[in-house]
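First the structure, in the form of structure tokens, and then the observations on it.
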Amino acid sequence: MASYLVTGVSRGLGFEFLKQLSDDADNTVFGLVRDKAATDTKVKSQLGERPNVHILAADITNYDAIKKSVDYVAEVTGGKLDYIIANAAFQSEVSAFAGIGDFVDKPDILEKDLFDNFNINAVGNIHLINLYLPLILRGSAKKVIAISTGMADLDLITKFNIANGAPYAISKAALNTAIGKFSAQYSDQGVLFMSISPGFVNTGAWDNPTEEMKQGAAIMGAKFAKYAPHFKGPITPTESVSHVMAVFKKASVENGDGGSFVSHFGNKQWL
Ligand SMILES: NC(=O)c1ccc[n+]([C@@H]2O[C@H](COP(=O)([O-])OP(=O)(O)OC[C@H]3O[C@@H](n4cnc5c(N)ncnc54)[C@H](OP(=O)(O)O)[C@@H]3O)[C@@H](O)[C@H]2O)c1
């Protein structure tokens, strides 16, 4: 019997985490979302009545709302929590297919995009983890997992010239460093912190691609083919979540996994 907090369960990988974790009736799963009513309706229609699922409202940039959610979780669990899966993220459309140098004449747009990414993906998660840490310290599993991206891996960026998506990659690199810092501070109290990339996953964002997306995908596809000749296309949320869960279930502070940044395979193979 374990308790989980998963952020961003309204859709995509977050919803799949919520589904797979709550398939086990012994688990208690808290899902943090911005739109609670819509997510409650979705959970009910797609998963049915699940008494072990609790949907809580909080934007992860809203410190007070997160704090309120901590109080709710503590009341249900008796003041403890086993796992955090910090999954929610801002994925910018402004810079998804543009290079960092393409904004030289648009500094305001670049700056806003950098701040939006950093505010949600790094700062929001840092507040989230700080606020939930007292519960984690009283939990049994003591595992905090940040969902990151291979796009933040310097070796991948530089060896394969992955120029697009810079603000997103920078914010996730900051998140990875924050996870390392949390690990440095709390690993001796038995808390495992890890950043895990879920792979390239089809969460529906590509169902109706724009012209820009198609062109961007062709460029990325060529780079991915060079990086991972075996790569045939995105995996499903079901596959990704199963892989990610296997990685963090196996990982431990004792095995030296604290603060690490790995893929859904548990290594540095991102695709
Ligand atoms: N899909 C991939 O191929 C891929 C690859 C690498 C890494 N990742 C990472 O995997 C995670 C999940 O990705 P995904 O593809 O499932 O993303 P997604 O479909 O875009 O879902 C993002 C989730 O984050 C939530 N969110 C965004 N901003 C928020 C905020 N300020 N406060 C609270 N919640 C917020 C969204 O809620 P709303 O519904 O309210 O907008 C949504 O639930 C992310 O961390 C992403 O960076 C994904």
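Chain identifiers are assigned as A, B, and so on, following the order in which chains appear in the structure tokens; residues are numbered from 1 within each chain, and ligands are numbered from 1 in order of appearance.
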
Run DSSP on the backbone of this structure and report the residues of region 38-186 of chain A it assigns to helix (DSSP H, G or I), as a ChimeraX atom specification. /A:38-47,63-77,100-103,107-138,150-152,154-159,166-186

Written file, previous selection with C-alpha atoms, as a PDB file, in the first residue's frame:
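The result, stored in part18.pdb:
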ATOM      1  CA  ALA A  38     -12.747  18.685 -15.988  1.00  0.00           C
ATOM      2  CA  THR A  39     -10.321  16.078 -14.637  1.00  0.00           C
ATOM      3  CA  ASP A  40     -12.887  14.638 -12.219  1.00  0.00           C
ATOM      4  CA  THR A  41     -15.232  14.185 -15.180  1.00  0.00           C
ATOM      5  CA  LYS A  42     -12.500  12.607 -17.320  1.00  0.00           C
ATOM      6  CA  VAL A  43     -11.418  10.213 -14.573  1.00  0.00           C
ATOM      7  CA  LYS A  44     -14.998   9.131 -13.984  1.00  0.00           C
ATOM      8  CA  SER A  45     -15.766   8.585 -17.657  1.00  0.00           C
ATOM      9  CA  GLN A  46     -12.481   6.861 -18.578  1.00  0.00           C
ATOM     10  CA  LEU A  47     -11.519   5.049 -15.375  1.00  0.00           C
ATOM     11  CA  TYR A  63       2.607  28.462  -3.861  1.00  0.00           C
ATOM     12  CA  ASP A  64      -0.461  28.889  -1.653  1.00  0.00           C
ATOM     13  CA  ALA A  65      -2.547  26.495  -3.731  1.00  0.00           C
ATOM     14  CA  ILE A  66       0.180  23.836  -3.485  1.00  0.00           C
ATOM     15  CA  LYS A  67       0.357  24.412   0.263  1.00  0.00           C
ATOM     16  CA  LYS A  68      -3.390  23.869   0.518  1.00  0.00           C
ATOM     17  CA  SER A  69      -3.064  20.610  -1.420  1.00  0.00           C
ATOM     18  CA  VAL A  70      -0.393  19.437   1.052  1.00  0.00           C
ATOM     19  CA  ASP A  71      -2.863  19.931   3.907  1.00  0.00           C
ATOM     20  CA  TYR A  72      -5.456  17.846   2.079  1.00  0.00           C
ATOM     21  CA  VAL A  73      -3.012  15.009   1.337  1.00  0.00           C
ATOM     22  CA  ALA A  74      -1.735  15.032   4.925  1.00  0.00           C
ATOM     23  CA  GLU A  75      -5.277  14.751   6.226  1.00  0.00           C
ATOM     24  CA  VAL A  76      -6.039  11.718   4.044  1.00  0.00           C
ATOM     25  CA  THR A  77      -2.749   9.890   4.663  1.00  0.00           C
ATOM     26  CA  ILE A 100      17.967  29.977 -29.703  1.00  0.00           C
ATOM     27  CA  GLY A 101      19.514  32.343 -32.249  1.00  0.00           C
ATOM     28  CA  ASP A 102      16.284  32.774 -34.167  1.00  0.00           C
ATOM     29  CA  PHE A 103      15.013  35.242 -31.572  1.00  0.00           C
ATOM     30  CA  PRO A 107      14.056  39.551 -27.330  1.00  0.00           C
ATOM     31  CA  ASP A 108      10.740  40.122 -25.548  1.00  0.00           C
ATOM     32  CA  ILE A 109       9.267  36.909 -26.933  1.00  0.00           C
ATOM     33  CA  LEU A 110      12.418  34.966 -26.061  1.00  0.00           C
ATOM     34  CA  GLU A 111      12.532  36.423 -22.565  1.00  0.00           C
ATOM     35  CA  LYS A 112       8.887  35.610 -21.865  1.00  0.00           C
ATOM     36  CA  ASP A 113       9.373  32.093 -23.172  1.00  0.00           C
ATOM     37  CA  LEU A 114      12.474  31.588 -21.006  1.00  0.00           C
ATOM     38  CA  PHE A 115      10.665  32.886 -17.917  1.00  0.00           C
ATOM     39  CA  ASP A 116       7.494  30.821 -18.572  1.00  0.00           C
ATOM     40  CA  ASN A 117       9.513  27.633 -18.972  1.00  0.00           C
ATOM     41  CA  PHE A 118      11.702  28.348 -15.956  1.00  0.00           C
ATOM     42  CA  ASN A 119       8.808  29.457 -13.769  1.00  0.00           C
ATOM     43  CA  ILE A 120       6.755  26.309 -14.322  1.00  0.00           C
ATOM     44  CA  ASN A 121       9.329  23.605 -15.004  1.00  0.00           C
ATOM     45  CA  ALA A 122      11.968  24.626 -12.473  1.00  0.00           C
ATOM     46  CA  VAL A 123      10.622  27.088  -9.871  1.00  0.00           C
ATOM     47  CA  GLY A 124       7.163  25.480  -9.636  1.00  0.00           C
ATOM     48  CA  ASN A 125       8.650  22.036  -9.073  1.00  0.00           C
ATOM     49  CA  ILE A 126      11.125  23.330  -6.495  1.00  0.00           C
ATOM     50  CA  HIS A 127       8.266  24.829  -4.452  1.00  0.00           C
ATOM     51  CA  LEU A 128       6.219  21.666  -4.909  1.00  0.00           C
ATOM     52  CA  ILE A 129       9.024  19.453  -3.625  1.00  0.00           C
ATOM     53  CA  ASN A 130       9.877  21.745  -0.708  1.00  0.00           C
ATOM     54  CA  LEU A 131       6.257  21.881   0.411  1.00  0.00           C
ATOM     55  CA  TYR A 132       5.672  18.133   0.166  1.00  0.00           C
ATOM     56  CA  LEU A 133       9.021  17.097   1.631  1.00  0.00           C
ATOM     57  CA  PRO A 134       7.845  16.859   5.266  1.00  0.00           C
ATOM     58  CA  LEU A 135       5.276  14.278   4.105  1.00  0.00           C
ATOM     59  CA  ILE A 136       7.878  12.386   2.059  1.00  0.00           C
ATOM     60  CA  LEU A 137      10.221  12.253   5.058  1.00  0.00           C
ATOM     61  CA  ARG A 138       7.450  10.571   7.042  1.00  0.00           C
ATOM     62  CA  GLY A 150      16.593  13.884 -22.980  1.00  0.00           C
ATOM     63  CA  MET A 151      16.415  17.300 -24.693  1.00  0.00           C
ATOM     64  CA  ALA A 152      18.274  18.618 -21.620  1.00  0.00           C
ATOM     65  CA  LEU A 154      24.286  18.250 -23.064  1.00  0.00           C
ATOM     66  CA  ASP A 155      25.892  15.335 -24.886  1.00  0.00           C
ATOM     67  CA  LEU A 156      22.786  14.800 -26.999  1.00  0.00           C
ATOM     68  CA  ILE A 157      22.438  18.542 -27.696  1.00  0.00           C
ATOM     69  CA  THR A 158      26.015  19.058 -28.745  1.00  0.00           C
ATOM     70  CA  LYS A 159      26.867  15.788 -30.489  1.00  0.00           C
ATOM     71  CA  ALA A 166      16.129  25.853 -26.017  1.00  0.00           C
ATOM     72  CA  PRO A 167      13.987  27.507 -23.289  1.00  0.00           C
ATOM     73  CA  TYR A 168      12.315  24.165 -22.515  1.00  0.00           C
ATOM     74  CA  ALA A 169      15.649  22.305 -22.458  1.00  0.00           C
ATOM     75  CA  ILE A 170      17.244  25.011 -20.285  1.00  0.00           C
ATOM     76  CA  SER A 171      14.365  24.835 -17.794  1.00  0.00           C
ATOM     77  CA  LYS A 172      14.585  21.037 -17.595  1.00  0.00           C
ATOM     78  CA  ALA A 173      18.369  21.220 -17.139  1.00  0.00           C
ATOM     79  CA  ALA A 174      17.672  23.580 -14.232  1.00  0.00           C
ATOM     80  CA  LEU A 175      15.173  21.063 -12.867  1.00  0.00           C
ATOM     81  CA  ASN A 176      17.760  18.288 -13.152  1.00  0.00           C
ATOM     82  CA  THR A 177      20.219  20.410 -11.169  1.00  0.00           C
ATOM     83  CA  ALA A 178      17.570  21.171  -8.549  1.00  0.00           C
ATOM     84  CA  ILE A 179      16.964  17.431  -8.199  1.00  0.00           C
ATOM     85  CA  GLY A 180      20.704  16.955  -7.697  1.00  0.00           C
ATOM     86  CA  LYS A 181      20.705  19.667  -5.024  1.00  0.00           C
ATOM     87  CA  PHE A 182      17.692  18.133  -3.235  1.00  0.00           C
ATOM     88  CA  SER A 183      19.493  14.803  -3.306  1.00  0.00           C
ATOM     89  CA  ALA A 184      22.635  16.371  -1.892  1.00  0.00           C
ATOM     90  CA  GLN A 185      20.616  17.786   1.005  1.00  0.00           C
ATOM     91  CA  TYR A 186      18.277  14.882   1.766  1.00  0.00           C
TER      92      TYR A 186
END

As a quick test: using only C-alpha atoms and all ligand atoms, which residues lie no more than 6 Å away from ligand 1? Give them as a ChimeraX atom specification. /A:8-14,33-35,59-61,87-90,120,147-149,197-203

Under the rule that only C-alpha atoms are counted, which of A:Met220, A:Ala37, A:Ala251, A:Ser22 is the nearest residue to Pro51 (chain A)? A:Ser22

Do a neighbour search on region 1-7 of chain A at 7 Å with only C-alpha atoms, toss out local chain neighbours closer than 3 positions, and write the hits as a list in words. Gly14, Asp26, Asn27, Thr28, Val29, Phe30, Gly31, Leu32, Val33, Leu81, Asp82, Tyr83, Ile84, Ile85, Ala86, Asn87 and Ala88 of chain A

Nearest to Tyr227 (chain A): which of A:Ile162, A:Met213, A:Leu21, A:Val244 is it, counting only C-alpha atoms? A:Ile162

Which is closest to Ser95 (chain A) among A:Ala218, A:Ala163, A:Ala141, A:Ala57, if we use only C-alpha atoms?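 Using only C-alpha atoms, the shortest distance to Ser95 (chain A) belongs to A:Ala163.
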
If you count only C-alpha atoms, which residues fall within 8 Å of Ser260 (chain A), apart from same-chain ones fewer than 4 positions away, as a PyMOL selection string? chain A and resi 180+193-195

Could you please take those selected residues and save N, CA, C and O atoms as an mmCIF file, in the first residue's frame?
data_model
loop_
_atom_site.group_PDB
_atom_site.id
_atom_site.type_symbol
_atom_site.label_atom_id
_atom_site.label_comp_id
_atom_site.auth_asym_id
_atom_site.auth_seq_id
_atom_site.Cartn_x
_atom_site.Cartn_y
_atom_site.Cartn_z
ATOM 1 N N GLY A 180 19.395 17.290 -8.253
ATOM 2 C CA GLY A 180 20.704 16.955 -7.697
ATOM 3 C C GLY A 180 20.930 17.639 -6.353
ATOM 4 O O GLY A 180 21.448 17.033 -5.403
ATOM 5 N N PHE A 193 16.002 11.136 -4.923
ATOM 6 C CA PHE A 193 15.558 12.111 -5.929
ATOM 7 C C PHE A 193 16.128 11.680 -7.263
ATOM 8 O O PHE A 193 17.328 11.379 -7.350
ATOM 9 N N MET A 194 15.294 11.680 -8.297
ATOM 10 C CA MET A 194 15.784 11.326 -9.636
ATOM 11 C C MET A 194 15.081 12.141 -10.700
ATOM 12 O O MET A 194 13.897 12.472 -10.548
ATOM 13 N N SER A 195 15.777 12.422 -11.786
ATOM 14 C CA SER A 195 15.154 12.999 -12.978
ATOM 15 C C SER A 195 15.101 11.891 -14.015
ATOM 16 O O SER A 195 16.130 11.279 -14.312
#

Could you work out how far CA of Pro209 (chain A) lies from CA of Glu16 (chain A), giving the answer in Å with one decimal?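 We find that CA of Glu16 (chain A) and CA of Pro209 (chain A) lie 22.4 Å from each other.
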
Output as number ranges by chain all residues of region 123-268 of chain A that backbone DSSP marks as strand (DSSP E). A: 143-147, 192-196, 260-262

Using only N, CA, C and O atoms, please write the residues we just selected to a file, as a PDB file, in the first residue's frame.
ATOM      1  N   LYS A 143      10.525   8.558  -2.262  1.00  0.00           N
ATOM      2  CA  LYS A 143      11.064   8.739  -3.619  1.00  0.00           C
ATOM      3  C   LYS A 143      10.417   9.951  -4.294  1.00  0.00           C
ATOM      4  O   LYS A 143       9.184  10.065  -4.315  1.00  0.00           O
ATOM      5  N   VAL A 144      11.253  10.814  -4.842  1.00  0.00           N
ATOM      6  CA  VAL A 144      10.783  12.012  -5.549  1.00  0.00           C
ATOM      7  C   VAL A 144      11.329  11.955  -6.975  1.00  0.00           C
ATOM      8  O   VAL A 144      12.550  11.986  -7.180  1.00  0.00           O
ATOM      9  N   ILE A 145      10.408  11.853  -7.924  1.00  0.00           N
ATOM     10  CA  ILE A 145      10.808  11.684  -9.322  1.00  0.00           C
ATOM     11  C   ILE A 145      10.372  12.895 -10.128  1.00  0.00           C
ATOM     12  O   ILE A 145       9.179  13.245 -10.146  1.00  0.00           O
ATOM     13  N   ALA A 146      11.313  13.534 -10.794  1.00  0.00           N
ATOM     14  CA  ALA A 146      10.980  14.634 -11.694  1.00  0.00           C
ATOM     15  C   ALA A 146      10.999  14.087 -13.116  1.00  0.00           C
ATOM     16  O   ALA A 146      11.965  13.419 -13.517  1.00  0.00           O
ATOM     17  N   ILE A 147       9.923  14.348 -13.848  1.00  0.00           N
ATOM     18  CA  ILE A 147       9.909  13.904 -15.243  1.00  0.00           C
ATOM     19  C   ILE A 147      10.634  14.958 -16.076  1.00  0.00           C
ATOM     20  O   ILE A 147      10.197  16.102 -16.176  1.00  0.00           O
ATOM     21  N   LEU A 192      15.230   9.415  -2.041  1.00  0.00           N
ATOM     22  CA  LEU A 192      15.774   9.272  -3.395  1.00  0.00           C
ATOM     23  C   LEU A 192      15.159  10.344  -4.290  1.00  0.00           C
ATOM     24  O   LEU A 192      13.938  10.444  -4.397  1.00  0.00           O
ATOM     25  N   PHE A 193      16.002  11.136  -4.923  1.00  0.00           N
ATOM     26  CA  PHE A 193      15.558  12.111  -5.929  1.00  0.00           C
ATOM     27  C   PHE A 193      16.128  11.680  -7.263  1.00  0.00           C
ATOM     28  O   PHE A 193      17.328  11.379  -7.350  1.00  0.00           O
ATOM     29  N   MET A 194      15.294  11.680  -8.297  1.00  0.00           N
ATOM     30  CA  MET A 194      15.784  11.326  -9.636  1.00  0.00           C
ATOM     31  C   MET A 194      15.081  12.141 -10.700  1.00  0.00           C
ATOM     32  O   MET A 194      13.897  12.472 -10.548  1.00  0.00           O
ATOM     33  N   SER A 195      15.777  12.422 -11.786  1.00  0.00           N
ATOM     34  CA  SER A 195      15.154  12.999 -12.978  1.00  0.00           C
ATOM     35  C   SER A 195      15.101  11.891 -14.015  1.00  0.00           C
ATOM     36  O   SER A 195      16.130  11.279 -14.312  1.00  0.00           O
ATOM     37  N   ILE A 196      13.906  11.644 -14.547  1.00  0.00           N
ATOM     38  CA  ILE A 196      13.778  10.571 -15.538  1.00  0.00           C
ATOM     39  C   ILE A 196      13.093  11.111 -16.801  1.00  0.00           C
ATOM     40  O   ILE A 196      12.024  11.731 -16.719  1.00  0.00           O
ATOM     41  N   SER A 260      20.352  11.323  -9.883  1.00  0.00           N
ATOM     42  CA  SER A 260      20.724  10.984 -11.261  1.00  0.00           C
ATOM     43  C   SER A 260      19.684  11.457 -12.269  1.00  0.00           C
ATOM     44  O   SER A 260      18.530  11.712 -11.934  1.00  0.00           O
ATOM     45  N   PHE A 261      20.124  11.567 -13.513  1.00  0.00           N
ATOM     46  CA  PHE A 261      19.283  11.984 -14.629  1.00  0.00           C
ATOM     47  C   PHE A 261      19.396  10.889 -15.683  1.00  0.00           C
ATOM     48  O   PHE A 261      20.453  10.732 -16.300  1.00  0.00           O
ATOM     49  N   VAL A 262      18.336  10.106 -15.824  1.00  0.00           N
ATOM     50  CA  VAL A 262      18.395   8.951 -16.727  1.00  0.00           C
ATOM     51  C   VAL A 262      17.149   8.902 -17.619  1.00  0.00           C
ATOM     52  O   VAL A 262      16.179   9.630 -17.404  1.00  0.00           O
TER      53      VAL A 262
END

Between CA of Val191 (chain A) and CA of Gly259 (chain A), what is the distance, to one decimal in Å?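 Taking CA of Val191 (chain A) as the start and CA of Gly259 (chain A) as the end point, the length is 10.0 Å.
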
Point-to-point distance in Å for CA of Phe265 (chain A) and CA of His243 (chain A):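 Pair CA of His243 (chain A) / CA of Phe265 (chain A) returns 6.6 Å.
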